[in-house]
Amino acid sequence: MRRKLSDRLRPLVESLPDDLKIALLAAFALDERARKPFYQDRVHWAAITLDRDDRTVRRRIDEGIEQIAALAVAPPGPELPRYPSRSWHTEELRVTLALDQPVPEAFEFRRVIADADEIAVLDLALTLPLSGESGESVHESDLGVDVFHGGVIAGRGMESSDRIGFALRLPEPLQRGARHEVGLRFRANLREPRYVCVPRHPCDRFDLHVRFGNRVPERIVRLDQAAPGGPSRGGVVLAADEAGEVHVRFRHLAPGFAYGISWG
């Protein structure tokens with residue numbers, strides 16, 4: 001029952017602004033670091049994390065509970081994209097990244113919606129950040145891409161010094177409003193300790209699982225609407241679970257910004 005309740009509460013809490021989210025993760029003991037037996041101890045942990053006093057945190061918890069209660073009983077309906085698109089946008093992107101493999105692998109499942117008629121090709125890309133220490137350049141051959149379903153690779157090449165683009169030709173052109181799902185696998189050695197989504201087209205939802213396995217880093221940080229080439233500091237500190245995994249969700253991703261995690 002606890003697991004079922006947590007699975008229902010977590011996505012509602014994750015959709016809130018960062019301060020409300022931290023307060024409710026502590027209140028419901030959904031964060032490993034806040035799993036303390038007494039409520040006042042969880043409130044105090046949130047107060048220290050947010051640099052607020054306990055009374056303020058209790059008030060924010062009450063506000064957050066009202067918001068997730070409203071979300072929980074709201075009737076389902078179509079969600080309009082926050083950022084306009086003239087071609088297509090991603091309704092949902094789910095990525096599972098395994099860092100405990102000889103070569104890191106990411107499985108990507110993407111559902112797109114056509115915002116115009118005759119969308120025949122998806123222009124996709126993946127960035128392998130350059131390492132400032134090694135100075136090694138990125139080559140197109142550094143990235144392995146396999147299509148599991150949903151199209152055929154029609155071309156690929158370097159878009160910048162660290163960004164590899166590829167065109168995915170769809171089985172048939174999409175008409176306005178049509179949905180289509182694709183499944184891809186990426187393999188590459190990461191030059192920097194981070195994994196982010198930098199959408200070219202609007203993205204409504206991004207769900208990221210990262211598995212570190214037995215080598216969990218000391219610090220894991222959530223990156224939300226960060227500069228793609230900027231420093232990976234700041235953001236909410238995350239805790240891996242007992243399987244050595246972290247799970248983050250993002251909503252309404254703005255094109256050109258980075259969303260994901262960094263570690264070190």
# chains A, B, ... in the order shown; residues from 1 in each chain; ligands from 1
call {"tool": "residues_around", "arguments": {"residues": "Ala114 of chain A", "least_positions_apart": "2", "cutoff": "10 Å", "atoms": "only C-alpha atoms", "output": "MDAnalysis selection string"}}
result
chainID A and resid 85:91 112 116:120 173:180
call {"tool": "closest_atom_pairs", "arguments": {"of": "segment 86-188 of chain A", "to": "segment 192-201 of chain A", "cutoff": "12 Å", "atoms": "only C-alpha atoms", "output": "JSON lines"}}
result
{"residue": "A:Arg86", "atom": "CA", "partner": "A:His201", "partner_atom": "CA", "distance": 9.3}
{"residue": "A:Ser87", "atom": "CA", "partner": "A:His201", "partner_atom": "CA", "distance": 8.5}
{"residue": "A:Trp88", "atom": "CA", "partner": "A:His201", "partner_atom": "CA", "distance": 7.0}
{"residue": "A:His89", "atom": "CA", "partner": "A:His201", "partner_atom": "CA", "distance": 5.4}
{"residue": "A:Thr90", "atom": "CA", "partner": "A:His201", "partner_atom": "CA", "distance": 7.2}
{"residue": "A:Glu91", "atom": "CA", "partner": "A:His201", "partner_atom": "CA", "distance": 10.5}
{"residue": "A:Glu92", "atom": "CA", "partner": "A:Pro199", "partner_atom": "CA", "distance": 11.9}
{"residue": "A:Leu93", "atom": "CA", "partner": "A:Cys197", "partner_atom": "CA", "distance": 9.5}
{"residue": "A:Arg94", "atom": "CA", "partner": "A:Cys197", "partner_atom": "CA", "distance": 10.7}
{"residue": "A:Val95", "atom": "CA", "partner": "A:Cys197", "partner_atom": "CA", "distance": 9.6}
{"residue": "A:Thr96", "atom": "CA", "partner": "A:Tyr195", "partner_atom": "CA", "distance": 10.8}
{"residue": "A:Leu97", "atom": "CA", "partner": "A:Tyr195", "partner_atom": "CA", "distance": 8.6}
{"residue": "A:Ala98", "atom": "CA", "partner": "A:Tyr195", "partner_atom": "CA", "distance": 11.1}
{"residue": "A:Leu99", "atom": "CA", "partner": "A:Pro193", "partner_atom": "CA", "distance": 10.4}
{"residue": "A:Pro104", "atom": "CA", "partner": "A:Tyr195", "partner_atom": "CA", "distance": 11.0}
{"residue": "A:Glu105", "atom": "CA", "partner": "A:Tyr195", "partner_atom": "CA", "distance": 11.5}
{"residue": "A:Ala106", "atom": "CA", "partner": "A:Tyr195", "partner_atom": "CA", "distance": 10.0}
{"residue": "A:Glu108", "atom": "CA", "partner": "A:Cys197", "partner_atom": "CA", "distance": 11.1}
{"residue": "A:Val112", "atom": "CA", "partner": "A:His201", "partner_atom": "CA", "distance": 10.1}
{"residue": "A:Ile113", "atom": "CA", "partner": "A:His201", "partner_atom": "CA", "distance": 10.9}
{"residue": "A:Ala114", "atom": "CA", "partner": "A:His201", "partner_atom": "CA", "distance": 11.3}
{"residue": "A:Asp115", "atom": "CA", "partner": "A:His201", "partner_atom": "CA", "distance": 10.9}
{"residue": "A:Leu122", "atom": "CA", "partner": "A:His201", "partner_atom": "CA", "distance": 10.0}
{"residue": "A:Asp123", "atom": "CA", "partner": "A:Arg200", "partner_atom": "CA", "distance": 8.6}
{"residue": "A:Leu124", "atom": "CA", "partner": "A:Arg200", "partner_atom": "CA", "distance": 7.9}
{"residue": "A:Ala125", "atom": "CA", "partner": "A:Arg200", "partner_atom": "CA", "distance": 8.4}
{"residue": "A:Leu126", "atom": "CA", "partner": "A:Cys197", "partner_atom": "CA", "distance": 8.2}
{"residue": "A:Thr127", "atom": "CA", "partner": "A:Val198", "partner_atom": "CA", "distance": 8.2}
{"residue": "A:Leu128", "atom": "CA", "partner": "A:Glu192", "partner_atom": "CA", "distance": 7.8}
{"residue": "A:Pro129", "atom": "CA", "partner": "A:Glu192", "partner_atom": "CA", "distance": 6.1}
{"residue": "A:Leu130", "atom": "CA", "partner": "A:Glu192", "partner_atom": "CA", "distance": 7.1}
{"residue": "A:Ser131", "atom": "CA", "partner": "A:Glu192", "partner_atom": "CA", "distance": 6.0}
{"residue": "A:Gly132", "atom": "CA", "partner": "A:Glu192", "partner_atom": "CA", "distance": 8.9}
{"residue": "A:Glu133", "atom": "CA", "partner": "A:Glu192", "partner_atom": "CA", "distance": 9.9}
{"residue": "A:Ser134", "atom": "CA", "partner": "A:Glu192", "partner_atom": "CA", "distance": 10.5}
{"residue": "A:Gly135", "atom": "CA", "partner": "A:Glu192", "partner_atom": "CA", "distance": 11.6}
{"residue": "A:Glu136", "atom": "CA", "partner": "A:Glu192", "partner_atom": "CA", "distance": 11.5}
{"residue": "A:Asp162", "atom": "CA", "partner": "A:Glu192", "partner_atom": "CA", "distance": 11.5}
{"residue": "A:Arg163", "atom": "CA", "partner": "A:Val198", "partner_atom": "CA", "distance": 10.4}
{"residue": "A:Gly165", "atom": "CA", "partner": "A:Arg200", "partner_atom": "CA", "distance": 10.9}
{"residue": "A:Ala188", "atom": "CA", "partner": "A:Glu192", "partner_atom": "CA", "distance": 11.5}
call {"tool": "atom_distance", "arguments": {"atom1": "atom CA of Ala70 of chain A", "atom2": "atom CA of Leu12 of chain A"}}
result
9.8 Å
call {"tool": "closest_residue", "arguments": {"among": "A:Arg42, A:Arg8, A:Arg60, A:Arg2", "to": "Leu20 of chain A", "atoms": "only C-alpha atoms"}}
result
A:Arg60
call {"tool": "select_by_dssp", "arguments": {"residues": "segment 13-189 of chain A", "states": "strand (DSSP E)", "output": "MDAnalysis selection string"}}
result
chainID A and resid 88:98 105:114 119:127 144:149 152:158 163:174 179:187
call {"tool": "closest_residue", "arguments": {"among": "A:Ser262, A:Glu242, A:His252, A:Leu208", "to": "Pro228 of chain A", "atoms": "only C-alpha atoms"}}
result
A:Ser262
call {"tool": "select_by_dssp", "arguments": {"residues": "segment 5-225 of chain A", "states": "alpha helix (DSSP H)", "output": "ChimeraX atom specification"}}
result
/A:5-14,18-27,39-50,54-73
call {"tool": "residues_around", "arguments": {"residues": "Gly150 of chain A", "least_positions_apart": "2", "cutoff": "12 Å", "atoms": "only C-alpha atoms", "output": "number ranges by chain"}}
result
A: 108-112, 120-122, 146-148, 152-153, 168-173, 179-184
call {"tool": "write_last_selection", "arguments": {"atoms": "N, CA and C atoms", "output": "tab-separated table (two decimals), in the first residue's frame"}}
result
chain	number	residue	atom	x	y	z
A	108	GLU	N	15.84	5.26	-25.49
A	108	GLU	CA	14.98	6.43	-25.61
A	108	GLU	C	13.67	6.05	-26.28
A	109	PHE	N	12.58	6.38	-25.63
A	109	PHE	CA	11.25	6.15	-26.19
A	109	PHE	C	10.56	7.51	-26.26
A	110	ARG	N	10.20	7.91	-27.48
A	110	ARG	CA	9.70	9.25	-27.72
A	110	ARG	C	8.35	9.19	-28.45
A	111	ARG	N	7.39	9.95	-27.96
A	111	ARG	CA	6.10	10.10	-28.64
A	111	ARG	C	5.98	11.54	-29.12
A	112	VAL	N	5.83	11.71	-30.42
A	112	VAL	CA	5.77	13.04	-31.02
A	112	VAL	C	4.37	13.30	-31.55
A	120	ALA	N	7.51	14.14	-42.49
A	120	ALA	CA	8.06	12.86	-42.93
A	120	ALA	C	9.36	12.50	-42.24
A	121	VAL	N	10.05	13.49	-41.66
A	121	VAL	CA	11.37	13.28	-41.06
A	121	VAL	C	11.44	14.01	-39.73
A	122	LEU	N	12.01	13.35	-38.72
A	122	LEU	CA	12.29	13.98	-37.44
A	122	LEU	C	13.77	14.33	-37.39
A	146	ASP	N	20.88	2.86	-32.71
A	146	ASP	CA	20.08	1.76	-33.25
A	146	ASP	C	18.61	2.15	-33.16
A	147	VAL	N	17.87	1.89	-34.22
A	147	VAL	CA	16.44	2.15	-34.22
A	147	VAL	C	15.72	0.85	-33.88
A	148	PHE	N	14.95	0.86	-32.79
A	148	PHE	CA	14.18	-0.31	-32.41
A	148	PHE	C	12.82	-0.33	-33.11
A	152	VAL	N	13.55	4.96	-39.92
A	152	VAL	CA	14.84	4.54	-40.49
A	152	VAL	C	15.77	5.74	-40.48
A	153	ILE	N	17.03	5.52	-40.08
A	153	ILE	CA	18.03	6.58	-40.13
A	153	ILE	C	18.29	6.95	-41.59
A	168	LEU	N	15.58	10.98	-38.85
A	168	LEU	CA	14.82	9.75	-38.75
A	168	LEU	C	13.63	9.84	-39.70
A	169	ARG	N	13.69	9.07	-40.77
A	169	ARG	CA	12.59	9.06	-41.75
A	169	ARG	C	11.48	8.16	-41.24
A	170	LEU	N	10.28	8.69	-41.18
A	170	LEU	CA	9.14	7.96	-40.63
A	170	LEU	C	8.56	6.98	-41.65
A	171	PRO	N	7.85	5.96	-41.20
A	171	PRO	CA	7.26	4.98	-42.13
A	171	PRO	C	6.32	5.64	-43.13
A	172	GLU	N	5.59	6.66	-42.70
A	172	GLU	CA	4.73	7.43	-43.60
A	172	GLU	C	4.56	8.82	-43.03
A	173	PRO	N	4.34	9.83	-43.86
A	173	PRO	CA	4.21	11.20	-43.36
A	173	PRO	C	3.06	11.34	-42.38
A	179	ARG	N	-0.09	11.32	-33.86
A	179	ARG	CA	0.96	10.92	-32.93
A	179	ARG	C	1.78	9.78	-33.53
A	180	HIS	N	3.06	9.72	-33.12
A	180	HIS	CA	3.92	8.65	-33.58
A	180	HIS	C	4.96	8.36	-32.51
A	181	GLU	N	5.29	7.08	-32.31
A	181	GLU	CA	6.26	6.68	-31.30
A	181	GLU	C	7.49	6.05	-31.93
A	182	VAL	N	8.65	6.36	-31.37
A	182	VAL	CA	9.91	5.79	-31.85
A	182	VAL	C	10.68	5.25	-30.65
A	183	GLY	N	11.48	4.21	-30.89
A	183	GLY	CA	12.34	3.63	-29.87
A	183	GLY	C	13.76	3.57	-30.38
A	184	LEU	N	14.70	4.14	-29.64
A	184	LEU	CA	16.09	4.23	-30.07
A	184	LEU	C	17.02	3.77	-28.95
